[in-house]
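Each remark here refers to the structure printed beneath this line.
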Amino acid sequence: MLYRENGQFKTSYAADQQIFPIAQDRWAILAIVAFAFVGVPLLVDEYLFRAILIPFLILALAALGVNILVGFCGQITLGAGAFMAVGAYAAYNFHIRIEDLPLLMSLLLGGLTSAVVGIFFGIPSLRVRGLYLAVATLAAQFFTDWVFLRVPWFTDNAASGSVSVSNLRIMGWQIDTPVSKYLFCLAFLTIFALLAKNMTRCAIGRQWMAIRDMDVAAEVIGIRPLFAKLSAFAVSSFFVGTAGALWGFIHLASWEPAAFSVDRSFQLLFMVIIGGLGSIMGSFFGAAFIVILPIALNQFLPALGGLFGVSISTAGVSHAELITFGALIIFFLIKEPHGIARLWSTGKEKLRLWPFPH
Amino acid sequence: MNRQFGEAILDLKNVSLVFGGVKALTDISFDVREHEIRAIIGPNGAGKSSMLNVINGVYRPQQGEIILRGRHFARMNPYKAAKAGISRTFQNIALFKGMSVIDNIMTGRNLKIGTNLLLQAIWWGPARREELAHRAKVEEVIDFLEIQHIRKTPVGRLPYGLQKRVDLGRALAMEPSILLLDEPMAGMNVEEKQDMCRFILDVNDQFGTTIVLIEHDMGVVMDISDRVVVLDYGRKIGDGTPDEVRADPEVISAYLGASH
Ligand SMILES: Nc1ncnc2c1ncn2[C@@H]1O[C@H](COP(=O)(O)OP(=O)(O)O)[C@@H](O)[C@H]1O
Ligand SMILES: [Mg+2]
């Protein structure tokens, strides 16, 4: 069957406002989600879960959060790592301090705490933008780095801020194998992605985009910048904080503040730039790209070197990684600010016309 | 013409606005009656756009006040103005470039949205119903402006004339009682101008919307407006029906002076 929307006439606005108005897209997405839940656990080995799939799911969730703020609302943040840290450490404190608090609650409360902190660090966005706002969010990064290293209460008096959790279970289901961790994170990501999609196609999403595209005009039609911007900071930090809690609890199980350093903040920002600003799908593309690229280079470069009789060291590979990222960021910022997601949709548009390009 | 106007719905009293050393507006007073089409004309830099910006609170005048339906506003702001039923278009189109035509016009419904963020996030019950009801309203605007064929197009890809029309659509979606139009026909060809004139007259006629219009094309102004304010270097030099204004010696000399 060709990729067409011919014959799929919309008879109501409800049909026209579906997430995927084209039937083929709908089926494809359903198939991918079903495969992710059922097929992948049967096919994939432990290494792949640990090294690629679980980090991908959690970072995609964080990238979604960053994209809401940067891509949809047009604010800038260099503090995403900080909000992951707040989510992780807040969830940890709820987990150890409140007895018998369900795991799910700890994680979500971690996200909520991060949302509150996000609103606080979002306040400067009401007065400044661009570079100045970037610096203000960077302050969040340094502040949390400091707090979790130096204030013992937050880490239950652990030396150098390193904490750990164990024996995680949800409704009697033990989350200890890579498969169970994978499924747990996948469920989170699926639900959060749906929430993000709904928000961005509703009134609140239009408020964010209006502020991003033309803030004076947005005010004139009655959008309050205060509410639009701070809600974007809150929702974004909620997503990022929840991702941080998952990163700590599920992926690492024991961690210290360095797990959420400024490097992480930059990594998340790169994900949304490469993946596609202002696109839900783009957040996935970006996360996949950044998780897979280093591993691919690790496999590929030494092999390539071998062909030419040169041996490439691990240090060489990690340099190559930085160079590739740098080049790609510059390429996307200049050539395609909407990232891989735009390349993807342009491709689909071509496919819709194929094989008759005119 | 036999047109009925109500009371003064909007009254500007002794408005003065200064930017640094530039006197954009000096002691301007005029009123706008309900249901009329009120034009503001004047040479470039006369302060026309500044006047609209004062009315809906984008600029804060140093002196003067705005009386809207009997309510006094010393400090107007865009949000209050929107709440009070004032909407507007911009001289340099200020559409939301990254959004489609539909979404741009949907933003005009913003003040009428009642559901909160959480309901919207789960796309549940009231949020979904509300979204669809507003969509139906927006489709009416789209039909009215005859832009059905571009409803899904990102506005950045549209030609200038259509962008102006979408800008009007967004303002109309607010169902305003007062509509401020800043040079809605600038840069258009004759046919597009005629369409735009027709839309303006229809809005005024069908919905009873009061319109304050800035326009350069004298023919258009004289044709469609009920009363005209003339500004020059930030001062009011004329006010009256098109015929009165056209015969005013001061207005004539300002226009002849400006063309040198
Ligand atoms: N935001 C602003 N900052 C500084 N000067 C301004 C601003 N807006 C308008 N002006 C000045 O006010 C005067 C009137 O401008 P404007 O209202 O745009 O005139 P018009 O719309 O009649 O062409 C001009 O001298 C212009 O330079
Ligand atoms: Mg102007």
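Quick note on naming: the chains in the structure tokens go A, B, ... in the order shown, residues restart at 1 in each chain, and ligands are numbered from 1 in order of appearance.
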
Range 64-129 of chain A residues near range 144-152 of chain A within 10 Å, closest pair each, using only C-alpha atoms, as a Markdown table:
| residue | atom | partner | partner_atom | distance |
| --- | --- | --- | --- | --- |
| A:Gly79 | CA | A:Thr144 | CA | 9.5 |
| A:Gly81 | CA | A:Thr144 | CA | 9.1 |
| A:Ala82 | CA | A:Thr144 | CA | 5.8 |
| A:Phe83 | CA | A:Thr144 | CA | 8.3 |
| A:Met84 | CA | A:Thr144 | CA | 9.9 |
| A:Ala85 | CA | A:Thr144 | CA | 7.3 |
| A:Val86 | CA | A:Thr144 | CA | 7.3 |
| A:Tyr89 | CA | A:Phe148 | CA | 8.0 |

Output file for the residues above (all heavy atoms, as a PDB file, in the first residue's frame):
ATOM      1  N   GLY A  79      20.526  24.164  32.483  1.00  0.00           N
ATOM      2  CA  GLY A  79      20.452  23.587  33.816  1.00  0.00           C
ATOM      3  C   GLY A  79      19.679  22.285  33.879  1.00  0.00           C
ATOM      4  O   GLY A  79      19.243  21.880  34.950  1.00  0.00           O
ATOM      5  N   GLY A  81      20.623  19.253  33.716  1.00  0.00           N
ATOM      6  CA  GLY A  81      21.276  18.302  34.618  1.00  0.00           C
ATOM      7  C   GLY A  81      20.896  18.583  36.069  1.00  0.00           C
ATOM      8  O   GLY A  81      20.666  17.662  36.861  1.00  0.00           O
ATOM      9  N   ALA A  82      20.810  19.870  36.405  1.00  0.00           N
ATOM     10  CA  ALA A  82      20.447  20.241  37.768  1.00  0.00           C
ATOM     11  C   ALA A  82      19.064  19.716  38.118  1.00  0.00           C
ATOM     12  O   ALA A  82      18.837  19.214  39.217  1.00  0.00           O
ATOM     13  CB  ALA A  82      20.477  21.759  37.908  1.00  0.00           C
ATOM     14  N   PHE A  83      18.144  19.819  37.174  1.00  0.00           N
ATOM     15  CA  PHE A  83      16.782  19.377  37.489  1.00  0.00           C
ATOM     16  C   PHE A  83      16.692  17.854  37.552  1.00  0.00           C
ATOM     17  O   PHE A  83      15.891  17.300  38.302  1.00  0.00           O
ATOM     18  CB  PHE A  83      15.794  19.985  36.501  1.00  0.00           C
ATOM     19  CG  PHE A  83      15.773  21.482  36.601  1.00  0.00           C
ATOM     20  CD1 PHE A  83      16.196  22.285  35.552  1.00  0.00           C
ATOM     21  CD2 PHE A  83      15.391  22.092  37.790  1.00  0.00           C
ATOM     22  CE1 PHE A  83      16.224  23.661  35.674  1.00  0.00           C
ATOM     23  CE2 PHE A  83      15.413  23.470  37.924  1.00  0.00           C
ATOM     24  CZ  PHE A  83      15.837  24.257  36.859  1.00  0.00           C
ATOM     25  N   MET A  84      17.551  17.178  36.781  1.00  0.00           N
ATOM     26  CA  MET A  84      17.638  15.727  36.945  1.00  0.00           C
ATOM     27  C   MET A  84      18.135  15.401  38.348  1.00  0.00           C
ATOM     28  O   MET A  84      17.622  14.510  39.026  1.00  0.00           O
ATOM     29  CB  MET A  84      18.593  15.118  35.905  1.00  0.00           C
ATOM     30  CG  MET A  84      17.988  14.970  34.518  1.00  0.00           C
ATOM     31  SD  MET A  84      19.107  14.120  33.361  1.00  0.00           S
ATOM     32  CE  MET A  84      18.732  12.393  33.715  1.00  0.00           C
ATOM     33  N   ALA A  85      19.144  16.152  38.791  1.00  0.00           N
ATOM     34  CA  ALA A  85      19.691  15.912  40.129  1.00  0.00           C
ATOM     35  C   ALA A  85      18.639  16.153  41.199  1.00  0.00           C
ATOM     36  O   ALA A  85      18.463  15.343  42.115  1.00  0.00           O
ATOM     37  CB  ALA A  85      20.900  16.817  40.361  1.00  0.00           C
ATOM     38  N   VAL A  86      17.909  17.263  41.063  1.00  0.00           N
ATOM     39  CA  VAL A  86      16.867  17.560  42.052  1.00  0.00           C
ATOM     40  C   VAL A  86      15.851  16.419  42.081  1.00  0.00           C
ATOM     41  O   VAL A  86      15.458  15.937  43.154  1.00  0.00           O
ATOM     42  CB  VAL A  86      16.168  18.899  41.726  1.00  0.00           C
ATOM     43  CG1 VAL A  86      14.946  19.088  42.618  1.00  0.00           C
ATOM     44  CG2 VAL A  86      17.129  20.055  41.906  1.00  0.00           C
ATOM     45  N   TYR A  89      17.596  13.247  43.782  1.00  0.00           N
ATOM     46  CA  TYR A  89      17.830  13.346  45.228  1.00  0.00           C
ATOM     47  C   TYR A  89      16.528  13.556  46.001  1.00  0.00           C
ATOM     48  O   TYR A  89      16.383  13.070  47.127  1.00  0.00           O
ATOM     49  CB  TYR A  89      18.840  14.452  45.534  1.00  0.00           C
ATOM     50  CG  TYR A  89      20.271  14.011  45.290  1.00  0.00           C
ATOM     51  CD1 TYR A  89      20.951  14.394  44.136  1.00  0.00           C
ATOM     52  CD2 TYR A  89      20.917  13.192  46.199  1.00  0.00           C
ATOM     53  CE1 TYR A  89      22.248  13.968  43.899  1.00  0.00           C
ATOM     54  CE2 TYR A  89      22.211  12.759  45.974  1.00  0.00           C
ATOM     55  CZ  TYR A  89      22.877  13.151  44.824  1.00  0.00           C
ATOM     56  OH  TYR A  89      24.153  12.723  44.600  1.00  0.00           O
TER      57      TYR A  89
END

Could you tell me, counting only C-alpha atoms and all ligand atoms, which protein and nucleic acid residues lie no more than 7 Å from ligand 1, written as a CSV table (one decimal) with C-alpha atoms, in the first residue's frame?
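As a result, out_20.csv now contains:
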chain,number,residue,atom,x,y,z
B,19,PHE,CA,10.4,58.2,23.6
B,22,VAL,CA,11.1,62.0,20.5
B,23,LYS,CA,7.6,63.3,21.1
B,24,ALA,CA,5.6,60.5,19.5
B,42,GLY,CA,-1.2,61.0,8.7
B,43,PRO,CA,2.2,60.9,7.1
B,44,ASN,CA,4.9,58.4,8.1
B,45,GLY,CA,6.1,58.8,11.7
B,46,ALA,CA,3.1,60.9,12.6
B,47,GLY,CA,2.4,58.6,15.6
B,48,LYS,CA,-0.5,56.5,14.3
B,49,SER,CA,0.9,53.2,15.3
B,50,SER,CA,1.9,54.6,18.7
B,51,MET,CA,-1.7,55.7,19.1
B,234,GLY,CA,2.4,63.6,17.0

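The space separating CA of Gly222 in chain A from CA of Ala82 in chain B comes to 5.3 Å.
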
| task | Return as a list of chain:residue names the full set of residues in range 145-239 of chain A whose backbone-based DSSP assignment is strand (DSSP E or B). | result | A:Val163, A:Ser164, A:Arg169, A:Ile170, A:Trp173, A:Gln174

Quick one: write out the picked residues with N, CA, C and O atoms as a tab-separated table (two decimals), in the first residue's frame?
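In the end it all went to out16.tsv:
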chain	number	residue	atom	x	y	z
A	163	VAL	N	24.78	8.11	47.08
A	163	VAL	CA	23.67	7.42	47.72
A	163	VAL	C	23.30	6.21	46.89
A	163	VAL	O	23.69	6.10	45.72
A	164	SER	N	22.57	5.29	47.49
A	164	SER	CA	22.11	4.15	46.68
A	164	SER	C	20.75	3.66	47.15
A	164	SER	O	20.34	3.90	48.29
A	169	ARG	N	10.54	-2.29	44.21
A	169	ARG	CA	9.43	-3.09	43.73
A	169	ARG	C	8.20	-2.20	43.56
A	169	ARG	O	8.05	-1.19	44.23
A	170	ILE	N	7.36	-2.60	42.65
A	170	ILE	CA	6.12	-1.87	42.46
A	170	ILE	C	4.99	-2.88	42.40
A	170	ILE	O	4.98	-3.76	41.55
A	173	TRP	N	6.01	-6.38	42.20
A	173	TRP	CA	6.83	-6.74	41.05
A	173	TRP	C	8.23	-6.20	41.27
A	173	TRP	O	8.44	-4.99	41.39
A	174	GLN	N	9.20	-7.08	41.36
A	174	GLN	CA	10.57	-6.68	41.66
A	174	GLN	C	11.23	-6.10	40.39
A	174	GLN	O	11.20	-6.74	39.34

| said: Show me, as a VMD selection string, the residues of chain A whose atoms get within 12 Å of chain B, using only C-alpha atoms for the distance check. | reply: chain A and resid 12 to 19 71 to 74 191 to 228 231 to 232 234 to 235 277 to 279 337 to 338

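In this comparison, which uses only C-alpha atoms, the residue of A:Thr190, A:Val272, A:Ile96, A:Glu336 approaching Ile32 in chain A most closely is A:Thr190.
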
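The smallest atom-to-atom distance between ligand 2 and any of B:Val15, B:Ile41, B:Val245, B:Ile102, using only C-alpha atoms and all ligand atoms, is found for B:Ile41.
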
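The two atoms in question, CA of Met271 in chain A and CA of Phe284 in chain A, are spaced 8.6 Å apart.
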
| query | Using the chain letters and numbers from this document, which residues of range 33-104 of chain B does DSSP assign to alpha helix (DSSP H), as a ChimeraX atom specification? | reply | /B:48-55,78-83,101-104

Export of prior selection with C-alpha atoms as a CSV table (one decimal), in the first residue's frame:
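The result, written out as part01.csv:
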chain,number,residue,atom,x,y,z
B,48,LYS,CA,-0.5,56.5,14.3
B,49,SER,CA,0.9,53.2,15.3
B,50,SER,CA,1.9,54.6,18.7
B,51,MET,CA,-1.7,55.7,19.1
B,52,LEU,CA,-2.9,52.1,18.7
B,53,ASN,CA,-0.2,50.9,21.0
B,54,VAL,CA,-1.4,53.3,23.6
B,55,ILE,CA,-5.0,52.2,23.2
B,78,PRO,CA,-2.3,44.4,26.8
B,79,TYR,CA,-3.9,41.8,29.0
B,80,LYS,CA,-6.5,44.2,30.4
B,81,ALA,CA,-7.2,45.5,27.0
B,82,ALA,CA,-7.7,42.0,25.6
B,83,LYS,CA,-10.0,41.1,28.5
B,101,VAL,CA,-2.9,29.0,10.2
B,102,ILE,CA,-5.4,27.1,12.3
B,103,ASP,CA,-3.1,27.2,15.4
B,104,ASN,CA,-2.5,30.9,14.9

| query | Near Arg69 in chain B, within 9 Å and counting only C-alpha atoms, which residues show up once chain neighbours fewer than 5 positions away are dropped, as an MDAnalysis selection string? | reply | chainID B and resid 7:11

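The protein and nucleic acid residues lying at most 8 Å from Gln91 in chain B are Ser49, Asp182, Glu183 and Pro184 of chain B, with only C-alpha atoms considered and sequence neighbours fewer than 6 positions away removed.
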
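Separating CA of Asp25 in chain A from CA of Met281 in chain A is a distance of 12.5 Å.
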
| field | Selection near Trp344 in chain A, 12 Å with only C-alpha atoms, sequence-local residues under 4 positions removed, as JSON, numbers by chain | value | {"A": [275, 276, 279, 281, 282, 285, 336, 338, 339, 340, 348, 349, 350, 351]}

Could you list, as a PDB file with all heavy atoms, in the first residue's frame, every residue within 10 Å of Met188 in chain B, counting only C-alpha atoms and ignoring same-chain residues fewer than 5 positions away?
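Dumped to selection38.pdb:
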ATOM      1  N   TYR B 160       2.543  37.427   1.525  1.00  0.00           N
ATOM      2  CA  TYR B 160       2.265  38.550   2.408  1.00  0.00           C
ATOM      3  C   TYR B 160       0.762  38.840   2.582  1.00  0.00           C
ATOM      4  O   TYR B 160       0.270  38.975   3.687  1.00  0.00           O
ATOM      5  CB  TYR B 160       2.993  39.759   1.839  1.00  0.00           C
ATOM      6  CG  TYR B 160       2.921  40.984   2.674  1.00  0.00           C
ATOM      7  CD1 TYR B 160       3.755  41.131   3.774  1.00  0.00           C
ATOM      8  CD2 TYR B 160       2.041  42.008   2.360  1.00  0.00           C
ATOM      9  CE1 TYR B 160       3.698  42.270   4.547  1.00  0.00           C
ATOM     10  CE2 TYR B 160       1.979  43.150   3.129  1.00  0.00           C
ATOM     11  CZ  TYR B 160       2.804  43.279   4.218  1.00  0.00           C
ATOM     12  OH  TYR B 160       2.748  44.400   4.982  1.00  0.00           O
ATOM     13  N   GLY B 161       0.062  38.903   1.457  1.00  0.00           N
ATOM     14  CA  GLY B 161      -1.355  39.265   1.517  1.00  0.00           C
ATOM     15  C   GLY B 161      -2.155  38.295   2.370  1.00  0.00           C
ATOM     16  O   GLY B 161      -3.019  38.691   3.159  1.00  0.00           O
ATOM     17  N   LEU B 162      -1.851  36.999   2.230  1.00  0.00           N
ATOM     18  CA  LEU B 162      -2.573  36.001   3.022  1.00  0.00           C
ATOM     19  C   LEU B 162      -2.186  36.074   4.492  1.00  0.00           C
ATOM     20  O   LEU B 162      -3.016  35.868   5.374  1.00  0.00           O
ATOM     21  CB  LEU B 162      -2.307  34.597   2.481  1.00  0.00           C
ATOM     22  CG  LEU B 162      -3.103  34.226   1.224  1.00  0.00           C
ATOM     23  CD1 LEU B 162      -2.727  32.842   0.733  1.00  0.00           C
ATOM     24  CD2 LEU B 162      -4.598  34.304   1.496  1.00  0.00           C
ATOM     25  N   LYS B 164      -1.524  38.732   6.094  1.00  0.00           N
ATOM     26  CA  LYS B 164      -2.318  39.833   6.642  1.00  0.00           C
ATOM     27  C   LYS B 164      -3.729  39.341   6.980  1.00  0.00           C
ATOM     28  O   LYS B 164      -4.339  39.755   7.962  1.00  0.00           O
ATOM     29  CB  LYS B 164      -2.409  40.971   5.612  1.00  0.00           C
ATOM     30  CG  LYS B 164      -1.147  41.813   5.548  1.00  0.00           C
ATOM     31  CD  LYS B 164      -1.357  43.077   6.346  1.00  0.00           C
ATOM     32  CE  LYS B 164      -0.156  43.978   6.330  1.00  0.00           C
ATOM     33  NZ  LYS B 164      -0.156  44.990   7.380  1.00  0.00           N
ATOM     34  N   LYS B 193      -6.618  44.368  -1.811  1.00  0.00           N
ATOM     35  CA  LYS B 193      -7.168  45.497  -1.060  1.00  0.00           C
ATOM     36  C   LYS B 193      -8.684  45.465  -1.051  1.00  0.00           C
ATOM     37  O   LYS B 193      -9.318  45.713  -0.034  1.00  0.00           O
ATOM     38  CB  LYS B 193      -6.700  46.817  -1.673  1.00  0.00           C
ATOM     39  CG  LYS B 193      -5.361  47.282  -1.177  1.00  0.00           C
ATOM     40  CD  LYS B 193      -5.054  48.675  -1.672  1.00  0.00           C
ATOM     41  CE  LYS B 193      -3.621  49.014  -1.309  1.00  0.00           C
ATOM     42  NZ  LYS B 193      -3.212  50.324  -1.808  1.00  0.00           N
ATOM     43  N   GLN B 194      -9.252  45.143  -2.220  1.00  0.00           N
ATOM     44  CA  GLN B 194     -10.719  45.103  -2.287  1.00  0.00           C
ATOM     45  C   GLN B 194     -11.267  44.030  -1.361  1.00  0.00           C
ATOM     46  O   GLN B 194     -12.252  44.248  -0.649  1.00  0.00           O
ATOM     47  CB  GLN B 194     -11.164  44.846  -3.730  1.00  0.00           C
ATOM     48  CG  GLN B 194     -11.046  46.084  -4.591  1.00  0.00           C
ATOM     49  CD  GLN B 194     -11.260  45.791  -6.068  1.00  0.00           C
ATOM     50  OE1 GLN B 194     -11.307  44.622  -6.478  1.00  0.00           O
ATOM     51  NE2 GLN B 194     -11.379  46.839  -6.857  1.00  0.00           N
ATOM     52  N   MET B 196      -9.863  42.871   1.337  1.00  0.00           N
ATOM     53  CA  MET B 196      -9.685  43.298   2.720  1.00  0.00           C
ATOM     54  C   MET B 196     -10.745  44.328   3.106  1.00  0.00           C
ATOM     55  O   MET B 196     -11.327  44.259   4.190  1.00  0.00           O
ATOM     56  CB  MET B 196      -8.267  43.860   2.898  1.00  0.00           C
ATOM     57  CG  MET B 196      -7.869  44.141   4.318  1.00  0.00           C
ATOM     58  SD  MET B 196      -8.076  42.780   5.475  1.00  0.00           S
ATOM     59  CE  MET B 196      -6.506  41.969   5.432  1.00  0.00           C
TER      60      MET B 196
END

Could you give me, as an mmCIF file with N, CA and C atoms, in the first residue's frame, the residues within 7 Å of Ile37 in chain B, counting only C-alpha atoms and dropping anything in the same chain fewer than 3 positions from it?
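Written out: part-v4.cif:
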data_model
loop_
_atom_site.group_PDB
_atom_site.id
_atom_site.type_symbol
_atom_site.label_atom_id
_atom_site.label_comp_id
_atom_site.auth_asym_id
_atom_site.auth_seq_id
_atom_site.Cartn_x
_atom_site.Cartn_y
_atom_site.Cartn_z
ATOM 1 N N THR B 210 -16.765 47.645 16.496
ATOM 2 C CA THR B 210 -16.215 48.988 16.332
ATOM 3 C C THR B 210 -14.799 48.851 15.781
ATOM 4 N N ILE B 211 -14.448 49.673 14.785
ATOM 5 C CA ILE B 211 -13.142 49.498 14.154
ATOM 6 C C ILE B 211 -12.343 50.799 14.161
ATOM 7 N N VAL B 212 -11.111 50.695 14.618
ATOM 8 C CA VAL B 212 -10.184 51.817 14.497
ATOM 9 C C VAL B 212 -9.132 51.401 13.482
ATOM 10 N N SER B 225 -14.528 54.851 5.947
ATOM 11 C CA SER B 225 -14.586 55.274 7.343
ATOM 12 C C SER B 225 -15.715 56.267 7.583
ATOM 13 N N ASP B 226 -16.170 56.271 8.824
ATOM 14 C CA ASP B 226 -17.231 57.189 9.208
ATOM 15 C C ASP B 226 -16.659 58.521 9.666
ATOM 16 N N ARG B 227 -15.586 58.419 10.456
ATOM 17 C CA ARG B 227 -14.920 59.650 10.898
ATOM 18 C C ARG B 227 -13.418 59.429 10.850
#
